[in-house]
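Pasting structure-v4.cif here (mmCIF, C-alpha atoms and all ligand atoms):
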data_data
loop_
_atom_site.group_PDB
_atom_site.id
_atom_site.type_symbol
_atom_site.label_atom_id
_atom_site.label_comp_id
_atom_site.auth_asym_id
_atom_site.auth_seq_id
_atom_site.Cartn_x
_atom_site.Cartn_y
_atom_site.Cartn_z
ATOM 1 C CA MET A 1202 121.748 114.280 128.424
ATOM 2 C CA TYR A 1203 120.089 110.923 127.897
ATOM 3 C CA LEU A 1204 116.875 112.040 126.201
ATOM 4 C CA PRO A 1205 117.374 112.197 122.438
ATOM 5 C CA SER A 1206 115.706 115.114 120.702
ATOM 6 C CA PHE A 1207 112.247 114.783 119.230
ATOM 7 C CA ASP A 1208 112.264 118.282 117.811
ATOM 8 C CA LEU A 1209 112.659 119.090 114.127
ATOM 9 C CA LYS A 1210 114.236 122.553 114.384
ATOM 10 C CA ASN A 1211 116.507 123.394 111.431
ATOM 11 C CA LYS A 1212 114.929 120.636 109.341
ATOM 12 C CA THR A 1213 112.960 121.028 106.158
ATOM 13 C CA ALA A 1214 110.393 118.375 105.316
ATOM 14 C CA LEU A 1215 108.915 117.767 101.876
ATOM 15 C CA ILE A 1216 105.407 116.320 102.226
ATOM 16 C CA THR A 1217 103.340 115.036 99.305
ATOM 17 C CA GLY A 1218 99.541 115.213 99.446
ATOM 18 C CA ALA A 1219 99.884 118.022 101.975
ATOM 19 C CA GLY A 1220 96.770 119.961 100.969
ATOM 20 C CA ARG A 1221 94.253 118.026 103.051
ATOM 21 C CA GLY A 1222 93.694 114.942 105.204
ATOM 22 C CA ILE A 1223 96.698 113.145 106.690
ATOM 23 C CA GLY A 1224 99.276 115.168 104.711
ATOM 24 C CA ARG A 1225 97.863 118.451 106.022
ATOM 25 C CA ALA A 1226 97.881 117.125 109.594
ATOM 26 C CA LEU A 1227 101.501 115.979 109.242
ATOM 27 C CA ALA A 1228 102.547 119.310 107.719
ATOM 28 C CA LEU A 1229 100.993 121.267 110.613
ATOM 29 C CA GLY A 1230 102.415 118.838 113.189
ATOM 30 C CA TYR A 1231 105.882 119.058 111.651
ATOM 31 C CA ALA A 1232 105.692 122.861 111.784
ATOM 32 C CA GLU A 1233 104.738 122.659 115.470
ATOM 33 C CA ALA A 1234 107.774 120.420 116.013
ATOM 34 C CA GLY A 1235 109.959 123.140 114.482
ATOM 35 C CA ALA A 1236 110.309 122.110 110.824
ATOM 36 C CA ASP A 1237 109.889 124.231 107.720
ATOM 37 C CA VAL A 1238 107.701 122.452 105.186
ATOM 38 C CA ILE A 1239 107.595 122.118 101.395
ATOM 39 C CA LEU A 1240 104.008 121.260 100.466
ATOM 40 C CA LEU A 1241 103.094 119.256 97.354
ATOM 41 C CA SER A 1242 99.792 118.340 95.733
ATOM 42 C CA ARG A 1243 97.882 119.295 92.576
ATOM 43 C CA THR A 1244 95.437 121.733 94.229
ATOM 44 C CA GLU A 1245 97.190 125.041 94.709
ATOM 45 C CA ASP A 1246 94.559 126.801 96.844
ATOM 46 C CA GLU A 1247 94.634 123.950 99.399
ATOM 47 C CA LEU A 1248 98.438 124.217 99.558
ATOM 48 C CA GLN A 1249 98.259 127.984 99.998
ATOM 49 C CA ALA A 1250 95.786 127.575 102.874
ATOM 50 C CA VAL A 1251 98.047 125.056 104.667
ATOM 51 C CA ALA A 1252 101.060 127.299 104.011
ATOM 52 C CA GLU A 1253 99.253 130.196 105.720
ATOM 53 C CA GLU A 1254 98.512 128.011 108.766
ATOM 54 C CA ILE A 1255 102.181 126.985 108.947
ATOM 55 C CA ARG A 1256 103.414 130.580 108.676
ATOM 56 C CA ALA A 1257 101.035 131.535 111.494
ATOM 57 C CA LYS A 1258 102.969 129.026 113.622
ATOM 58 C CA GLY A 1259 106.201 130.896 112.827
ATOM 59 C CA ARG A 1260 107.657 128.374 110.382
ATOM 60 C CA LYS A 1261 108.409 128.684 106.677
ATOM 61 C CA ALA A 1262 106.137 127.026 104.126
ATOM 62 C CA TYR A 1263 106.721 126.522 100.413
ATOM 63 C CA PRO A 1264 103.689 125.394 98.405
ATOM 64 C CA LEU A 1265 104.748 123.633 95.189
ATOM 65 C CA PRO A 1266 101.830 122.427 93.043
ATOM 66 C CA ALA A 1267 102.836 119.169 91.334
ATOM 67 C CA ASP A 1268 101.445 115.894 90.056
ATOM 68 C CA VAL A 1269 103.580 113.230 91.713
ATOM 69 C CA THR A 1270 102.571 110.553 89.186
ATOM 70 C CA SER A 1271 104.739 112.317 86.588
ATOM 71 C CA THR A 1272 108.524 111.929 86.692
ATOM 72 C CA GLU A 1273 108.798 115.168 84.707
ATOM 73 C CA SER A 1274 106.819 116.963 87.392
ATOM 74 C CA ILE A 1275 108.988 115.402 90.157
ATOM 75 C CA LYS A 1276 112.094 116.582 88.283
ATOM 76 C CA ASN A 1277 110.653 120.105 88.174
ATOM 77 C CA VAL A 1278 109.930 120.003 91.923
ATOM 78 C CA PHE A 1279 113.566 119.260 92.710
ATOM 79 C CA ALA A 1280 114.759 121.887 90.209
ATOM 80 C CA GLU A 1281 112.537 124.423 92.012
ATOM 81 C CA ILE A 1282 113.887 123.295 95.404
ATOM 82 C CA GLU A 1283 117.395 123.841 94.065
ATOM 83 C CA SER A 1284 116.623 127.229 92.568
ATOM 84 C CA GLN A 1285 114.968 128.426 95.810
ATOM 85 C CA GLN A 1286 117.996 127.037 97.737
ATOM 86 C CA LEU A 1287 115.787 124.917 99.984
ATOM 87 C CA ASN A 1288 116.804 121.704 101.647
ATOM 88 C CA VAL A 1289 115.148 118.299 101.910
ATOM 89 C CA ASP A 1290 116.033 116.679 105.224
ATOM 90 C CA ILE A 1291 112.869 114.602 105.387
ATOM 91 C CA LEU A 1292 110.570 113.331 102.644
ATOM 92 C CA ILE A 1293 107.096 112.061 103.522
ATOM 93 C CA ASN A 1294 105.495 110.100 100.671
ATOM 94 C CA ASN A 1295 101.872 110.560 101.640
ATOM 95 C CA ALA A 1296 99.979 111.325 98.385
ATOM 96 C CA GLY A 1297 97.595 108.501 97.691
ATOM 97 C CA MET A 1298 94.133 107.500 96.558
ATOM 98 C CA ASN A 1299 91.797 104.538 96.305
ATOM 99 C CA ILE A 1300 89.107 103.260 93.977
ATOM 100 C CA ARG A 1301 87.189 100.529 95.767
ATOM 101 C CA SER A 1302 86.253 98.181 92.894
ATOM 102 C CA LYS A 1303 85.799 94.442 93.310
ATOM 103 C CA ALA A 1304 88.724 92.553 91.746
ATOM 104 C CA LEU A 1305 86.658 91.338 88.762
ATOM 105 C CA ASP A 1306 85.564 94.907 87.964
ATOM 106 C CA VAL A 1307 88.977 96.616 88.067
ATOM 107 C CA THR A 1308 89.804 98.252 84.734
ATOM 108 C CA GLU A 1309 93.313 98.774 83.385
ATOM 109 C CA SER A 1310 92.912 102.511 83.702
ATOM 110 C CA GLU A 1311 91.832 102.266 87.384
ATOM 111 C CA TRP A 1312 94.738 99.913 88.091
ATOM 112 C CA GLU A 1313 97.234 102.311 86.524
ATOM 113 C CA THR A 1314 95.818 105.343 88.321
ATOM 114 C CA ILE A 1315 96.060 103.711 91.751
ATOM 115 C CA VAL A 1316 99.508 102.213 91.101
ATOM 116 C CA ASN A 1317 100.908 105.456 89.678
ATOM 117 C CA THR A 1318 99.508 107.612 92.485
ATOM 118 C CA ASN A 1319 100.420 105.409 95.436
ATOM 119 C CA MET A 1320 103.462 103.457 94.277
ATOM 120 C CA LYS A 1321 105.207 104.992 91.275
ATOM 121 C CA SER A 1322 105.122 108.439 92.904
ATOM 122 C CA ALA A 1323 106.667 107.203 96.161
ATOM 123 C CA PHE A 1324 109.478 105.414 94.328
ATOM 124 C CA PHE A 1325 110.465 108.299 92.062
ATOM 125 C CA MET A 1326 110.092 110.906 94.818
ATOM 126 C CA SER A 1327 112.351 108.738 97.006
ATOM 127 C CA GLN A 1328 114.867 108.310 94.174
ATOM 128 C CA LYS A 1329 115.150 112.085 93.658
ATOM 129 C CA ALA A 1330 115.232 112.813 97.392
ATOM 130 C CA ALA A 1331 117.964 110.221 98.010
ATOM 131 C CA GLU A 1332 120.026 111.647 95.152
ATOM 132 C CA TRP A 1333 119.659 115.036 96.850
ATOM 133 C CA MET A 1334 120.451 113.746 100.350
ATOM 134 C CA LYS A 1335 123.518 111.881 99.049
ATOM 135 C CA LYS A 1336 124.778 114.948 97.221
ATOM 136 C CA ASN A 1337 124.496 117.228 100.258
ATOM 137 C CA GLY A 1338 126.313 114.613 102.343
ATOM 138 C CA LYS A 1339 124.009 114.927 105.366
ATOM 139 C CA GLY A 1340 121.746 111.968 104.661
ATOM 140 C CA GLY A 1341 118.113 112.242 105.624
ATOM 141 C CA ARG A 1342 114.843 110.496 106.325
ATOM 142 C CA ILE A 1343 112.148 109.090 104.086
ATOM 143 C CA ILE A 1344 108.776 108.135 105.560
ATOM 144 C CA ASN A 1345 106.282 106.236 103.409
ATOM 145 C CA ILE A 1346 102.609 106.372 104.338
ATOM 146 C CA SER A 1347 101.512 102.817 103.683
ATOM 147 C CA SER A 1348 98.412 101.240 105.246
ATOM 148 C CA VAL A 1349 97.109 98.340 107.283
ATOM 149 C CA ALA A 1350 95.872 97.206 103.836
ATOM 150 C CA GLY A 1351 99.504 96.502 102.913
ATOM 151 C CA LYS A 1352 99.840 93.933 105.701
ATOM 152 C CA THR A 1353 96.515 92.250 106.201
ATOM 153 C CA ALA A 1354 93.752 91.302 103.754
ATOM 154 C CA LEU A 1355 90.760 93.627 103.839
ATOM 155 C CA ARG A 1356 87.523 92.466 102.178
ATOM 156 C CA THR A 1357 88.049 94.531 99.021
ATOM 157 C CA GLY A 1358 90.442 97.008 97.392
ATOM 158 C CA VAL A 1359 92.980 94.605 95.933
ATOM 159 C CA VAL A 1360 94.885 97.201 93.882
ATOM 160 C CA TYR A 1361 95.180 99.596 96.825
ATOM 161 C CA ALA A 1362 96.446 96.643 98.907
ATOM 162 C CA GLN A 1363 99.017 95.784 96.226
ATOM 163 C CA THR A 1364 100.406 99.326 96.280
ATOM 164 C CA LYS A 1365 100.529 99.558 100.064
ATOM 165 C CA ALA A 1366 102.258 96.179 100.436
ATOM 166 C CA ALA A 1367 104.728 97.337 97.782
ATOM 167 C CA MET A 1368 105.471 100.458 99.836
ATOM 168 C CA ILE A 1369 106.293 98.338 102.881
ATOM 169 C CA GLN A 1370 108.688 96.179 100.858
ATOM 170 C CA MET A 1371 110.164 99.207 99.088
ATOM 171 C CA THR A 1372 110.819 100.716 102.535
ATOM 172 C CA LYS A 1373 112.919 97.685 103.506
ATOM 173 C CA VAL A 1374 114.960 97.478 100.303
ATOM 174 C CA LEU A 1375 115.663 101.219 100.128
ATOM 175 C CA ALA A 1376 116.649 101.211 103.807
ATOM 176 C CA PHE A 1377 119.109 98.413 103.024
ATOM 177 C CA GLU A 1378 120.510 100.119 99.931
ATOM 178 C CA TRP A 1379 120.772 103.663 101.308
ATOM 179 C CA GLY A 1380 121.704 102.963 104.953
ATOM 180 C CA GLN A 1381 125.398 103.475 104.105
ATOM 181 C CA ASP A 1382 124.528 107.005 102.944
ATOM 182 C CA ASN A 1383 122.867 107.792 106.287
ATOM 183 C CA ILE A 1384 119.440 107.797 104.659
ATOM 184 C CA GLN A 1385 116.836 106.122 106.854
ATOM 185 C CA VAL A 1386 113.662 104.846 105.253
ATOM 186 C CA ASN A 1387 110.654 103.934 107.360
ATOM 187 C CA SER A 1388 106.941 103.577 106.874
ATOM 188 C CA ILE A 1389 103.743 104.256 108.787
ATOM 189 C CA GLY A 1390 100.745 101.974 108.352
ATOM 190 C CA PRO A 1391 97.535 103.734 109.397
ATOM 191 C CA TRP A 1392 94.188 102.018 109.951
ATOM 192 C CA TYR A 1393 91.053 104.142 109.475
ATOM 193 C CA PHE A 1394 91.342 107.905 110.011
ATOM 194 C CA GLU A 1395 88.673 110.423 109.063
ATOM 195 C CA THR A 1396 89.810 112.380 105.994
ATOM 196 C CA PRO A 1397 88.252 113.371 102.643
ATOM 197 C CA LEU A 1398 89.430 109.946 101.352
ATOM 198 C CA THR A 1399 87.452 107.961 103.931
ATOM 199 C CA GLU A 1400 84.639 110.419 104.667
ATOM 200 C CA LYS A 1401 82.035 108.575 102.586
ATOM 201 C CA ILE A 1402 82.804 105.031 103.707
ATOM 202 C CA LEU A 1403 82.858 106.101 107.362
ATOM 203 C CA GLN A 1404 79.257 107.270 107.020
ATOM 204 C CA ASP A 1405 78.230 103.626 106.575
ATOM 205 C CA LYS A 1406 77.316 102.650 110.157
ATOM 206 C CA ALA A 1407 77.405 98.895 109.485
ATOM 207 C CA TYR A 1408 80.868 99.185 107.938
ATOM 208 C CA VAL A 1409 82.150 101.246 110.885
ATOM 209 C CA ALA A 1410 80.756 98.619 113.290
ATOM 210 C CA ASP A 1411 82.755 95.974 111.377
ATOM 211 C CA ILE A 1412 85.893 98.144 111.615
ATOM 212 C CA LEU A 1413 85.475 98.617 115.355
ATOM 213 C CA ALA A 1414 84.873 94.895 115.864
ATOM 214 C CA VAL A 1415 88.461 94.197 114.695
ATOM 215 C CA THR A 1416 90.026 97.233 116.390
ATOM 216 C CA PRO A 1417 91.139 96.566 119.971
ATOM 217 C CA LEU A 1418 90.980 100.287 120.873
ATOM 218 C CA LYS A 1419 87.346 100.369 119.594
ATOM 219 C CA ARG A 1420 87.531 103.697 117.797
ATOM 220 C CA ILE A 1421 88.607 105.337 114.528
ATOM 221 C CA GLY A 1422 91.983 107.137 114.680
ATOM 222 C CA GLN A 1423 92.226 110.895 115.161
ATOM 223 C CA LEU A 1424 94.635 112.723 112.822
ATOM 224 C CA PRO A 1425 96.869 114.101 115.642
ATOM 225 C CA GLU A 1426 97.531 110.456 116.583
ATOM 226 C CA LEU A 1427 99.541 110.084 113.361
ATOM 227 C CA VAL A 1428 101.600 113.199 114.019
ATOM 228 C CA GLY A 1429 103.571 111.857 117.011
ATOM 229 C CA PRO A 1430 104.742 108.718 115.148
ATOM 230 C CA ALA A 1431 105.678 110.780 112.061
ATOM 231 C CA VAL A 1432 107.590 113.368 114.113
ATOM 232 C CA PHE A 1433 109.368 110.562 115.977
ATOM 233 C CA LEU A 1434 110.475 108.870 112.730
ATOM 234 C CA GLY A 1435 111.757 112.188 111.369
ATOM 235 C CA SER A 1436 113.640 113.120 114.553
ATOM 236 C CA ASP A 1437 116.963 112.237 116.199
ATOM 237 C CA ALA A 1438 115.000 110.023 118.593
ATOM 238 C CA ALA A 1439 114.668 107.507 115.717
ATOM 239 C CA SER A 1440 118.337 107.688 114.642
ATOM 240 C CA TYR A 1441 118.878 103.888 114.758
ATOM 241 C CA ILE A 1442 115.599 102.840 113.147
ATOM 242 C CA THR A 1443 115.359 101.993 109.462
ATOM 243 C CA GLY A 1444 113.357 99.716 107.182
ATOM 244 C CA GLN A 1445 110.486 99.475 109.666
ATOM 245 C CA THR A 1446 106.755 99.958 109.360
ATOM 246 C CA LEU A 1447 105.012 101.387 112.387
ATOM 247 C CA PHE A 1448 101.319 100.486 112.361
ATOM 248 C CA VAL A 1449 99.183 103.236 113.860
ATOM 249 C CA ASP A 1450 96.075 101.144 113.939
ATOM 250 C CA GLY A 1451 94.456 100.915 117.368
ATOM 251 C CA GLY A 1452 95.858 97.369 117.479
ATOM 252 C CA MET A 1453 94.088 96.170 114.313
ATOM 253 C CA THR A 1454 97.052 94.221 112.912
ATOM 254 C CA ILE A 1455 97.993 92.370 116.111
ATOM 255 C CA HIS A 1456 95.419 89.622 115.913
ATOM 256 C CA GLY A 1457 93.748 87.138 113.653
ATOM 257 C CA PHE A 1458 90.219 85.859 113.983
HETATM 258 N N1 LIG A 1501 92.586 108.091 105.734
HETATM 259 C C1 LIG A 1501 92.862 106.861 106.089
HETATM 260 O O1 LIG A 1501 92.127 106.229 106.863
HETATM 261 C C2 LIG A 1501 94.107 106.178 105.581
HETATM 262 C C3 LIG A 1501 94.421 104.905 106.084
HETATM 263 C C4 LIG A 1501 95.575 104.268 105.635
HETATM 264 C C5 LIG A 1501 96.399 104.901 104.736
HETATM 265 N N2 LIG A 1501 96.069 106.139 104.243
HETATM 266 C C6 LIG A 1501 96.993 106.755 103.290
HETATM 267 O O2 LIG A 1501 97.338 108.056 103.728
HETATM 268 C C7 LIG A 1501 97.599 108.901 102.611
HETATM 269 C C8 LIG A 1501 96.763 110.162 102.723
HETATM 270 O O3 LIG A 1501 95.402 109.782 102.752
HETATM 271 P P1 LIG A 1501 94.229 110.791 103.100
HETATM 272 O O4 LIG A 1501 93.177 109.990 103.746
HETATM 273 O O5 LIG A 1501 94.767 111.989 103.760
HETATM 274 O O6 LIG A 1501 93.736 111.152 101.609
HETATM 275 P P2 LIG A 1501 93.062 112.486 101.039
HETATM 276 O O7 LIG A 1501 92.354 113.202 102.113
HETATM 277 O O8 LIG A 1501 92.302 112.068 99.829
HETATM 278 O O9 LIG A 1501 94.319 113.350 100.576
HETATM 279 C C9 LIG A 1501 95.164 112.860 99.573
HETATM 280 C C10 LIG A 1501 96.212 113.889 99.240
HETATM 281 O O10 LIG A 1501 97.050 113.348 98.188
HETATM 282 C C11 LIG A 1501 97.121 114.295 97.123
HETATM 283 N N3 LIG A 1501 97.296 113.637 95.839
HETATM 284 C C12 LIG A 1501 96.540 112.658 95.285
HETATM 285 N N4 LIG A 1501 96.975 112.371 94.043
HETATM 286 C C13 LIG A 1501 98.039 113.189 93.812
HETATM 287 C C14 LIG A 1501 98.899 113.392 92.711
HETATM 288 N N5 LIG A 1501 98.772 112.678 91.582
HETATM 289 N N6 LIG A 1501 99.874 114.330 92.806
HETATM 290 C C15 LIG A 1501 100.016 115.063 93.936
HETATM 291 N N7 LIG A 1501 99.232 114.913 95.020
HETATM 292 C C16 LIG A 1501 98.248 113.996 94.944
HETATM 293 C C17 LIG A 1501 95.778 115.030 97.198
HETATM 294 O O11 LIG A 1501 95.854 116.308 96.579
HETATM 295 P P3 LIG A 1501 95.319 116.649 95.100
HETATM 296 O O12 LIG A 1501 94.186 115.726 94.770
HETATM 297 O O13 LIG A 1501 94.935 118.075 95.240
HETATM 298 O O14 LIG A 1501 96.507 116.469 94.208
HETATM 299 C C18 LIG A 1501 95.603 115.183 98.708
HETATM 300 O O15 LIG A 1501 96.336 116.295 99.179
HETATM 301 C C19 LIG A 1501 97.287 108.065 101.368
HETATM 302 O O16 LIG A 1501 98.486 107.523 100.867
HETATM 303 C C20 LIG A 1501 96.387 106.972 101.912
HETATM 304 O O17 LIG A 1501 96.460 105.804 101.142
HETATM 305 C C21 LIG A 1501 94.944 106.786 104.639
#
This structure in structure tokens:
Amino acid sequence: MYLPSFDLKNKTALITGAGRGIGRALALGYAEAGADVILLSRTEDELQAVAEEIRAKGRKAYPLPADVTSTESIKNVFAEIESQQLNVDILINNAGMNIRSKALDVTESEWETIVNTNMKSAFFMSQKAAEWMKKNGKGGRIINISSVAGKTALRTGVVYAQTKAAMIQMTKVLAFEWGQDNIQVNSIGPWYFETPLTEKILQDKAYVADILAVTPLKRIGQLPELVGPAVFLGSDAASYITGQTLFVDGGMTIHGF
């Protein structure tokens, strides 16, 4: 048998921001690939709806409402996972947000909200997950949802860019530190995908034309196009890959101008 397995049977994935947008798509895609899924976000009814969709696919789903900016809340999530005797084979740090202020207008409170949601959460979720994966002796996978904004300069959104670049660097250092424990840490860098986060900006036709002008594939990404890369990075097929960021960007990051 020379084809390594892409399926996720007998794996449980913990996905943050799983109630809508990219997180929801990844949760449903993971279920289709055979995984059971623990779903995190602050909006319980969205989590319940995704959980129902996952159960309809024959997989188990565990909605856990939590605010991932709070270390107390993260601690409670892992206590709940322990008390329900669940496992965490794969963590996807996907919860994120953006406030598109010009650099001179960014307030301290905006800065802290973006940094805590995108960056602090991913670090402390990873710390708890790695502790868990080390303890159970099986290792595991961590996948950070970064962004093209973490690699290349977009025209605005400096704080968002700071957090996404930090996730790419965090991915490398954690991969280095935890490789000996069989914990692989990788990242995915999406370009524009239509979700509640980008819905408004993608209604601006001039802005979309500018996006397409720098996108070799000349279109916005479709959510299922993120699922394959995320399933791959969580599966045995990616067993020798760590510390990498896979840009799912229609070619946006390959060129300069
Ligand atoms: N869409 C794109 O084009 C694009 C491109 C590059 C990167 N990304 C990244 O992909 C990720 C998902 O983006 P998206 O477009 O799917 O966004 P979205 O539609 O706004 O969904 C964000 C998810 O994160 C959750 N979340 C936000 N703050 C949270 C908190 N404090 N605690 C727990 N959950 C929280 C939200 O749930 P609640 O608000 O209910 O808690 C929601 O489920 C983000 O990290 C984003 O930066 C997106």
Contacts of segment 1447-1455 of chain A at 8 Å or less, counting only C-alpha atoms, minus same-chain residues fewer than 5 places along, as a CSV table (one decimal) with C-alpha atoms, keeping the file's coordinate frame?
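This is the output file part16.csv:
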chain,number,residue,atom,x,y,z
A,1348,SER,CA,98.4,101.2,105.2
A,1349,VAL,CA,97.1,98.3,107.3
A,1352,LYS,CA,99.8,93.9,105.7
A,1353,THR,CA,96.5,92.2,106.2
A,1387,ASN,CA,110.7,103.9,107.4
A,1388,SER,CA,106.9,103.6,106.9
A,1389,ILE,CA,103.7,104.3,108.8
A,1390,GLY,CA,100.7,102.0,108.4
A,1391,PRO,CA,97.5,103.7,109.4
A,1392,TRP,CA,94.2,102.0,110.0
A,1393,TYR,CA,91.1,104.1,109.5
A,1415,VAL,CA,88.5,94.2,114.7
A,1416,THR,CA,90.0,97.2,116.4
A,1417,PRO,CA,91.1,96.6,120.0
A,1418,LEU,CA,91.0,100.3,120.9
A,1419,LYS,CA,87.3,100.4,119.6
A,1420,ARG,CA,87.5,103.7,117.8
A,1421,ILE,CA,88.6,105.3,114.5
A,1422,GLY,CA,92.0,107.1,114.7
A,1426,GLU,CA,97.5,110.5,116.6
A,1427,LEU,CA,99.5,110.1,113.4
A,1430,PRO,CA,104.7,108.7,115.1
Any chance you could resolve the PyMOL selection byres (((not hetatm)) within 7 of (chain A and resi 1501)) against this file and give the residues as an mmCIF file with C-alpha atoms, in the coordinates of the input?
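As a result, result.cif now contains:
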data_model
loop_
_atom_site.group_PDB
_atom_site.id
_atom_site.type_symbol
_atom_site.label_atom_id
_atom_site.label_comp_id
_atom_site.auth_asym_id
_atom_site.auth_seq_id
_atom_site.Cartn_x
_atom_site.Cartn_y
_atom_site.Cartn_z
ATOM 1 C CA THR A 1217 103.340 115.036 99.305
ATOM 2 C CA GLY A 1218 99.541 115.213 99.446
ATOM 3 C CA ALA A 1219 99.884 118.022 101.975
ATOM 4 C CA GLY A 1220 96.770 119.961 100.969
ATOM 5 C CA ARG A 1221 94.253 118.026 103.051
ATOM 6 C CA GLY A 1222 93.694 114.942 105.204
ATOM 7 C CA ILE A 1223 96.698 113.145 106.690
ATOM 8 C CA GLY A 1224 99.276 115.168 104.711
ATOM 9 C CA LEU A 1241 103.094 119.256 97.354
ATOM 10 C CA SER A 1242 99.792 118.340 95.733
ATOM 11 C CA ARG A 1243 97.882 119.295 92.576
ATOM 12 C CA THR A 1244 95.437 121.733 94.229
ATOM 13 C CA ALA A 1267 102.836 119.169 91.334
ATOM 14 C CA ASP A 1268 101.445 115.894 90.056
ATOM 15 C CA VAL A 1269 103.580 113.230 91.713
ATOM 16 C CA THR A 1270 102.571 110.553 89.186
ATOM 17 C CA ASN A 1295 101.872 110.560 101.640
ATOM 18 C CA ALA A 1296 99.979 111.325 98.385
ATOM 19 C CA GLY A 1297 97.595 108.501 97.691
ATOM 20 C CA MET A 1298 94.133 107.500 96.558
ATOM 21 C CA ASN A 1299 91.797 104.538 96.305
ATOM 22 C CA THR A 1318 99.508 107.612 92.485
ATOM 23 C CA ASN A 1319 100.420 105.409 95.436
ATOM 24 C CA ILE A 1346 102.609 106.372 104.338
ATOM 25 C CA SER A 1347 101.512 102.817 103.683
ATOM 26 C CA SER A 1348 98.412 101.240 105.246
ATOM 27 C CA VAL A 1349 97.109 98.340 107.283
ATOM 28 C CA GLY A 1390 100.745 101.974 108.352
ATOM 29 C CA PRO A 1391 97.535 103.734 109.397
ATOM 30 C CA TRP A 1392 94.188 102.018 109.951
ATOM 31 C CA TYR A 1393 91.053 104.142 109.475
ATOM 32 C CA PHE A 1394 91.342 107.905 110.011
ATOM 33 C CA GLU A 1395 88.673 110.423 109.063
ATOM 34 C CA THR A 1396 89.810 112.380 105.994
ATOM 35 C CA PRO A 1397 88.252 113.371 102.643
ATOM 36 C CA LEU A 1398 89.430 109.946 101.352
ATOM 37 C CA THR A 1399 87.452 107.961 103.931
#
Picked residues, the PyMOL selection byres (((chain A and resi 1341) around 10) and not hetatm), as number ranges by chain:
A: 1212, 1214, 1289-1292, 1330-1331, 1333-1335, 1337-1340, 1342-1343, 1379-1380, 1382-1386, 1435
Might you spell out which residues the PyMOL selection byres (((chain A and resi 1358) around 8) and not hetatm) would select in the displayed file, as a list in words?
Asn1299, Ile1300, Arg1301, Ser1302, Lys1303, Ala1304, Leu1355, Arg1356, Thr1357, Val1359, Val1360, Tyr1361 and Ala1362 of chain A
How many Å separate atom CA of Gly1351 of chain A from atom CA of Val1316 of chain A?
13.1 Å
Please give the centre and size of the box around segment 1243-1257 of chain A (axis-aligned, containing every atom listed in the file, 3 Å added per side), with values in Å to one decimal and written as lines of an AutoDock Vina configuration file.
center_x = 99.0
center_y = 125.4
center_z = 102.0
size_x = 14.9
size_y = 18.2
size_z = 24.9
Hey, can you check how far atom CA of Glu1283 of chain A sits from atom CA of Gln1328 of chain A?
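Rounded to one decimal, the two atoms are 15.7 Å apart.
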Report the distance between atom CA of Ala1354 of chain A and atom CA of Ile1369 of chain A in Å, rounded to one decimal place.
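It comes out at 14.4 Å.
Counting all atoms listed in the file, the residue from A:Ile1344, A:Ile1315, A:Glu1273, A:Asp1246 that sits nearest to Val1432 of chain A is A:Ile1344.
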Show which residues sit within 8 Å of Ile1255 of chain A, as a PyMOL selection string. Count all atoms listed in the file, and ignore same-chain residues fewer than 4 positions away.
chain A and resi 1228-1229+1232+1251+1259-1262
Of the candidates A:Asp1208, A:Glu1253, A:Glu1313, A:Asp1306, which one gets nearest to Gln1363 of chain A if we count all atoms listed in the file?
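Using all atoms listed in the file, the shortest distance to Gln1363 of chain A belongs to A:Glu1313.
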Can you tell me, as a list in words, what residues are no more than 7 Å from Asn1211 of chain A when counting only C-alpha atoms, ignoring any on the same chain fewer than 2 positions away?
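Within the cut-off, the hits are Leu1209, Thr1213 and Ala1236 of chain A.
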I need the residue nearest Met1368 of chain A from this list: A:Asn1294, A:Ser1271, A:Ser1436, A:Gln1404. Use all atoms listed in the file for the distance.
A:Asn1294
Would you please work out which residue, of A:Leu1287, A:Met1371, A:Ile1412, A:Ala1366, is nearest to Asp1237 of chain A when using all atoms listed in the file?
A:Leu1287
What's around Leu1240 of chain A at 6 Å? Count all atoms listed in the file, leave out sequence neighbours fewer than 4 positions away in its own chain, and write the answer as a list in words.
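Those residues are Ile1216, Ala1219, Tyr1263, Pro1264 and Leu1265 of chain A.
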